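Asker: Before we start, here is the structure in question, set down as structure tokens.
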Amino acid sequence: MGEDAFIWRRRVGFGDCDPARIAYTGKIPDFALEAIDAFWEDLLDGTNWFRMNVDLGIGCPFVHMEMDFKAPITPRAPLFCHVEPARLGTTSITFRVTGVQEERTCFVAGFVAVFVREGELQKIPVPEHIRAALRGRFAHLRET
């Protein structure tokens, strides 16, 4: 994890868990997606996914997801999701999300999203204001 990663804190609740008393597997990608949504809101001064879609007409659907589970997640401690943009393409962005609980890595995930014109699902270049915000905060961001 890079030192400039965005860190989002989530309380893991009883309802997030399965009978084994750990976070239900299906909830874990949702935790990561909530963290990415919070990342956008922080990076873009309050513009989250909803506002990107509804107000700006920019969709950002995922075309690839992968996740490795390292340790169980429980309601005993907060989950910290470290979100980093790993690569910025012409029309896409790749995120790395690392979930940490009690200083133990619980999952590492990769997500690739493509920018589209909302309603048409036609790829568009990464909007310049988003590219500028990413470059401003993540100087090391690999662009392809």
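Ordering of the structure tokens sets the chain letters (A, B, ...); residue numbers start at 1 within each chain; ligands are numbered from 1 in the order shown.
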Determine which residues of range 44-107 of chain A DSSP labels as strand (DSSP E or B) from the backbone of this structure, then write them out as number ranges by chain.
Answerer: A: 58-59, 62-69, 79-88, 92-101, 104-107
Asker: Would you mind exporting N, CA and C atoms of the selected residues as a short mmCIF file (atom, residue, chain, number, x, y, z; two decimals), in the first residue's frame?
Answerer:
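The resulting part_26.cif:
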data_model
loop_
_atom_site.label_atom_id
_atom_site.label_comp_id
_atom_site.auth_asym_id
_atom_site.auth_seq_id
_atom_site.Cartn_x
_atom_site.Cartn_y
_atom_site.Cartn_z
N ILE A 58 -21.63 11.02 -16.44
CA ILE A 58 -20.46 10.17 -16.61
C ILE A 58 -20.68 8.87 -15.84
N GLY A 59 -20.72 7.76 -16.56
CA GLY A 59 -20.80 6.46 -15.91
C GLY A 59 -19.40 5.89 -15.74
N PHE A 62 -17.75 -1.21 -14.01
CA PHE A 62 -16.59 -2.10 -13.89
C PHE A 62 -16.59 -3.13 -15.00
N VAL A 63 -15.41 -3.39 -15.52
CA VAL A 63 -15.25 -4.41 -16.55
C VAL A 63 -14.40 -5.58 -16.05
N HIS A 64 -13.79 -5.42 -14.87
CA HIS A 64 -12.98 -6.49 -14.30
C HIS A 64 -12.88 -6.31 -12.79
N MET A 65 -13.00 -7.44 -12.07
CA MET A 65 -12.78 -7.44 -10.62
C MET A 65 -12.03 -8.71 -10.28
N GLU A 66 -11.11 -8.58 -9.31
CA GLU A 66 -10.42 -9.76 -8.77
C GLU A 66 -10.17 -9.51 -7.29
N MET A 67 -10.19 -10.58 -6.51
CA MET A 67 -10.05 -10.41 -5.07
C MET A 67 -9.36 -11.64 -4.48
N ASP A 68 -8.36 -11.38 -3.65
CA ASP A 68 -7.70 -12.44 -2.89
C ASP A 68 -8.02 -12.23 -1.42
N PHE A 69 -8.47 -13.28 -0.77
CA PHE A 69 -8.80 -13.23 0.65
C PHE A 69 -7.59 -13.70 1.46
N LEU A 79 -12.86 -2.00 9.87
CA LEU A 79 -12.15 -2.40 8.67
C LEU A 79 -11.67 -1.13 7.98
N PHE A 80 -10.40 -1.07 7.66
CA PHE A 80 -9.84 0.08 6.96
C PHE A 80 -9.54 -0.35 5.52
N CYS A 81 -10.18 0.32 4.58
CA CYS A 81 -9.96 0.02 3.17
C CYS A 81 -9.05 1.09 2.58
N HIS A 82 -7.90 0.66 2.10
CA HIS A 82 -6.91 1.54 1.48
C HIS A 82 -7.17 1.51 -0.02
N VAL A 83 -7.52 2.65 -0.59
CA VAL A 83 -7.86 2.74 -2.01
C VAL A 83 -6.76 3.51 -2.74
N GLU A 84 -6.24 2.90 -3.79
CA GLU A 84 -5.21 3.55 -4.60
C GLU A 84 -5.53 3.36 -6.08
N PRO A 85 -5.47 4.42 -6.85
CA PRO A 85 -5.53 4.21 -8.30
C PRO A 85 -4.18 3.62 -8.72
N ALA A 86 -4.22 2.49 -9.41
CA ALA A 86 -2.98 1.82 -9.80
C ALA A 86 -2.55 2.17 -11.21
N ARG A 87 -3.55 2.46 -12.08
CA ARG A 87 -3.23 2.78 -13.47
C ARG A 87 -4.36 3.63 -14.04
N LEU A 88 -3.99 4.58 -14.84
CA LEU A 88 -4.96 5.44 -15.51
C LEU A 88 -4.74 5.32 -17.00
N SER A 92 -10.02 4.33 -19.03
CA SER A 92 -10.25 3.46 -17.87
C SER A 92 -9.37 3.83 -16.69
N ILE A 93 -9.75 3.27 -15.54
CA ILE A 93 -8.96 3.42 -14.33
C ILE A 93 -8.93 2.07 -13.62
N THR A 94 -7.77 1.74 -13.07
CA THR A 94 -7.60 0.52 -12.29
C THR A 94 -7.35 0.91 -10.84
N PHE A 95 -8.13 0.31 -9.95
CA PHE A 95 -7.99 0.55 -8.51
C PHE A 95 -7.44 -0.69 -7.84
N ARG A 96 -6.67 -0.44 -6.79
CA ARG A 96 -6.26 -1.50 -5.86
C ARG A 96 -6.87 -1.13 -4.52
N VAL A 97 -7.60 -2.05 -3.93
CA VAL A 97 -8.21 -1.84 -2.62
C VAL A 97 -7.70 -2.92 -1.69
N THR A 98 -7.14 -2.50 -0.56
CA THR A 98 -6.61 -3.43 0.44
C THR A 98 -7.39 -3.24 1.73
N GLY A 99 -8.01 -4.30 2.21
CA GLY A 99 -8.78 -4.25 3.45
C GLY A 99 -7.92 -4.72 4.61
N VAL A 100 -7.85 -3.88 5.64
CA VAL A 100 -6.99 -4.18 6.80
C VAL A 100 -7.82 -4.07 8.07
N GLN A 101 -7.68 -5.05 8.94
CA GLN A 101 -8.36 -5.04 10.23
C GLN A 101 -7.36 -5.46 11.29
N ARG A 104 -3.90 -6.36 10.15
CA ARG A 104 -3.79 -7.60 9.39
C ARG A 104 -4.50 -7.41 8.05
N THR A 105 -3.81 -7.73 6.96
CA THR A 105 -4.44 -7.63 5.64
C THR A 105 -5.48 -8.73 5.51
N CYS A 106 -6.72 -8.32 5.21
CA CYS A 106 -7.82 -9.27 5.07
C CYS A 106 -8.13 -9.60 3.62
N PHE A 107 -7.98 -8.60 2.74
CA PHE A 107 -8.19 -8.85 1.32
C PHE A 107 -7.41 -7.83 0.50
#
Asker: Can you check which parts of range 26-66 of chain A lie within 12 Å of range 4-11 of chain A? Per residue, the shortest pair of atoms and distance in Å to one decimal, counting only C-alpha atoms, sorted by chain and number, as JSON lines.
Answerer:
{"residue": "A:Ile28", "atom": "CA", "partner": "A:Arg10", "partner_atom": "CA", "distance": 11.4}
{"residue": "A:Asp30", "atom": "CA", "partner": "A:Arg10", "partner_atom": "CA", "distance": 11.3}
{"residue": "A:Phe31", "atom": "CA", "partner": "A:Arg10", "partner_atom": "CA", "distance": 7.8}
{"residue": "A:Ala32", "atom": "CA", "partner": "A:Trp8", "partner_atom": "CA", "distance": 9.5}
{"residue": "A:Leu33", "atom": "CA", "partner": "A:Trp8", "partner_atom": "CA", "distance": 11.0}
{"residue": "A:Glu34", "atom": "CA", "partner": "A:Trp8", "partner_atom": "CA", "distance": 8.8}
{"residue": "A:Ala35", "atom": "CA", "partner": "A:Trp8", "partner_atom": "CA", "distance": 5.8}
{"residue": "A:Ile36", "atom": "CA", "partner": "A:Trp8", "partner_atom": "CA", "distance": 8.8}
{"residue": "A:Asp37", "atom": "CA", "partner": "A:Trp8", "partner_atom": "CA", "distance": 9.9}
{"residue": "A:Ala38", "atom": "CA", "partner": "A:Trp8", "partner_atom": "CA", "distance": 7.1}
{"residue": "A:Phe39", "atom": "CA", "partner": "A:Phe6", "partner_atom": "CA", "distance": 6.4}
{"residue": "A:Trp40", "atom": "CA", "partner": "A:Phe6", "partner_atom": "CA", "distance": 9.8}
{"residue": "A:Glu41", "atom": "CA", "partner": "A:Phe6", "partner_atom": "CA", "distance": 11.0}
{"residue": "A:Asp42", "atom": "CA", "partner": "A:Phe6", "partner_atom": "CA", "distance": 8.6}
{"residue": "A:Leu43", "atom": "CA", "partner": "A:Phe6", "partner_atom": "CA", "distance": 9.0}
Asker: Check chain A with DSSP on the backbone and list each residue it calls helix (DSSP H, G or I), as number ranges by chain.
Answerer: A: 14-16, 27-43, 49-54, 128-137
Asker: Any chance you could export the current selection's N, CA and C atoms as a short mmCIF file (atom, residue, chain, number, x, y, z; two decimals), in the first residue's frame?
Answerer:
data_model
loop_
_atom_site.label_atom_id
_atom_site.label_comp_id
_atom_site.auth_asym_id
_atom_site.auth_seq_id
_atom_site.Cartn_x
_atom_site.Cartn_y
_atom_site.Cartn_z
N PHE A 14 -22.98 -6.91 12.75
CA PHE A 14 -23.46 -8.28 12.92
C PHE A 14 -24.18 -8.75 11.64
N GLY A 15 -24.96 -7.87 11.03
CA GLY A 15 -25.69 -8.21 9.82
C GLY A 15 -24.82 -8.45 8.61
N ASP A 16 -23.54 -8.08 8.68
CA ASP A 16 -22.59 -8.31 7.59
C ASP A 16 -22.00 -9.72 7.63
N LYS A 27 -20.41 -9.83 0.88
CA LYS A 27 -20.36 -8.45 1.35
C LYS A 27 -19.01 -7.79 1.11
N ILE A 28 -17.96 -8.58 1.02
CA ILE A 28 -16.61 -8.02 0.96
C ILE A 28 -16.38 -7.18 -0.31
N PRO A 29 -16.81 -7.63 -1.50
CA PRO A 29 -16.68 -6.72 -2.65
C PRO A 29 -17.48 -5.43 -2.45
N ASP A 30 -18.62 -5.52 -1.77
CA ASP A 30 -19.42 -4.33 -1.48
C ASP A 30 -18.64 -3.37 -0.59
N PHE A 31 -17.90 -3.88 0.40
CA PHE A 31 -17.07 -3.02 1.25
C PHE A 31 -16.08 -2.25 0.37
N ALA A 32 -15.44 -2.96 -0.57
CA ALA A 32 -14.44 -2.33 -1.43
C ALA A 32 -15.10 -1.27 -2.34
N LEU A 33 -16.28 -1.57 -2.86
CA LEU A 33 -16.97 -0.61 -3.73
C LEU A 33 -17.42 0.62 -2.95
N GLU A 34 -17.85 0.44 -1.71
CA GLU A 34 -18.19 1.59 -0.86
C GLU A 34 -16.95 2.46 -0.65
N ALA A 35 -15.80 1.82 -0.49
CA ALA A 35 -14.55 2.57 -0.29
C ALA A 35 -14.18 3.36 -1.54
N ILE A 36 -14.38 2.76 -2.73
CA ILE A 36 -14.09 3.48 -3.97
C ILE A 36 -15.03 4.66 -4.14
N ASP A 37 -16.30 4.48 -3.78
CA ASP A 37 -17.26 5.58 -3.85
C ASP A 37 -16.82 6.72 -2.93
N ALA A 38 -16.37 6.38 -1.72
CA ALA A 38 -15.88 7.40 -0.78
C ALA A 38 -14.61 8.07 -1.33
N PHE A 39 -13.77 7.30 -2.01
CA PHE A 39 -12.56 7.84 -2.65
C PHE A 39 -12.94 8.93 -3.65
N TRP A 40 -13.91 8.62 -4.55
CA TRP A 40 -14.34 9.62 -5.53
C TRP A 40 -14.88 10.86 -4.85
N GLU A 41 -15.70 10.67 -3.83
CA GLU A 41 -16.30 11.81 -3.14
C GLU A 41 -15.23 12.70 -2.52
N ASP A 42 -14.21 12.08 -1.96
CA ASP A 42 -13.11 12.84 -1.36
C ASP A 42 -12.27 13.53 -2.44
N LEU A 43 -11.93 12.81 -3.50
CA LEU A 43 -11.08 13.35 -4.55
C LEU A 43 -11.76 14.48 -5.31
N TRP A 49 -20.17 8.65 -6.98
CA TRP A 49 -20.64 7.97 -8.18
C TRP A 49 -22.03 8.44 -8.61
N PHE A 50 -22.93 8.60 -7.65
CA PHE A 50 -24.29 9.04 -7.97
C PHE A 50 -24.26 10.38 -8.70
N ARG A 51 -23.54 11.33 -8.15
CA ARG A 51 -23.46 12.65 -8.77
C ARG A 51 -22.73 12.60 -10.13
N MET A 52 -21.70 11.75 -10.23
CA MET A 52 -21.02 11.61 -11.52
C MET A 52 -22.03 11.18 -12.58
N ASN A 53 -22.85 10.20 -12.24
CA ASN A 53 -23.83 9.67 -13.19
C ASN A 53 -24.95 10.66 -13.46
N VAL A 54 -25.61 11.12 -12.41
CA VAL A 54 -26.82 11.92 -12.54
C VAL A 54 -26.52 13.36 -12.95
N GLU A 128 -11.16 15.40 -18.21
CA GLU A 128 -9.93 16.12 -17.85
C GLU A 128 -9.92 16.55 -16.39
N HIS A 129 -11.06 16.97 -15.82
CA HIS A 129 -11.06 17.38 -14.41
C HIS A 129 -10.78 16.20 -13.48
N ILE A 130 -11.18 15.01 -13.88
CA ILE A 130 -10.88 13.81 -13.08
C ILE A 130 -9.41 13.44 -13.24
N ARG A 131 -8.92 13.47 -14.47
CA ARG A 131 -7.50 13.18 -14.71
C ARG A 131 -6.61 14.16 -13.93
N ALA A 132 -6.97 15.44 -13.94
CA ALA A 132 -6.18 16.45 -13.22
C ALA A 132 -6.21 16.21 -11.72
N ALA A 133 -7.37 15.87 -11.18
CA ALA A 133 -7.47 15.60 -9.73
C ALA A 133 -6.63 14.39 -9.35
N LEU A 134 -6.65 13.35 -10.17
CA LEU A 134 -5.85 12.16 -9.90
C LEU A 134 -4.36 12.47 -9.98
N ARG A 135 -3.95 13.18 -10.99
CA ARG A 135 -2.53 13.56 -11.13
C ARG A 135 -2.08 14.43 -9.97
N GLY A 136 -2.97 15.34 -9.52
CA GLY A 136 -2.63 16.23 -8.43
C GLY A 136 -2.37 15.52 -7.12
N ARG A 137 -3.10 14.47 -6.86
CA ARG A 137 -2.95 13.75 -5.60
C ARG A 137 -2.00 12.57 -5.69
#
Asker: Can you tell me how far CA of Pro78 in chain A sits from CA of Pro19 in chain A, in Å to one decimal?
Answerer: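 CA of Pro19 in chain A lies at a distance of 19.5 Å from CA of Pro78 in chain A.
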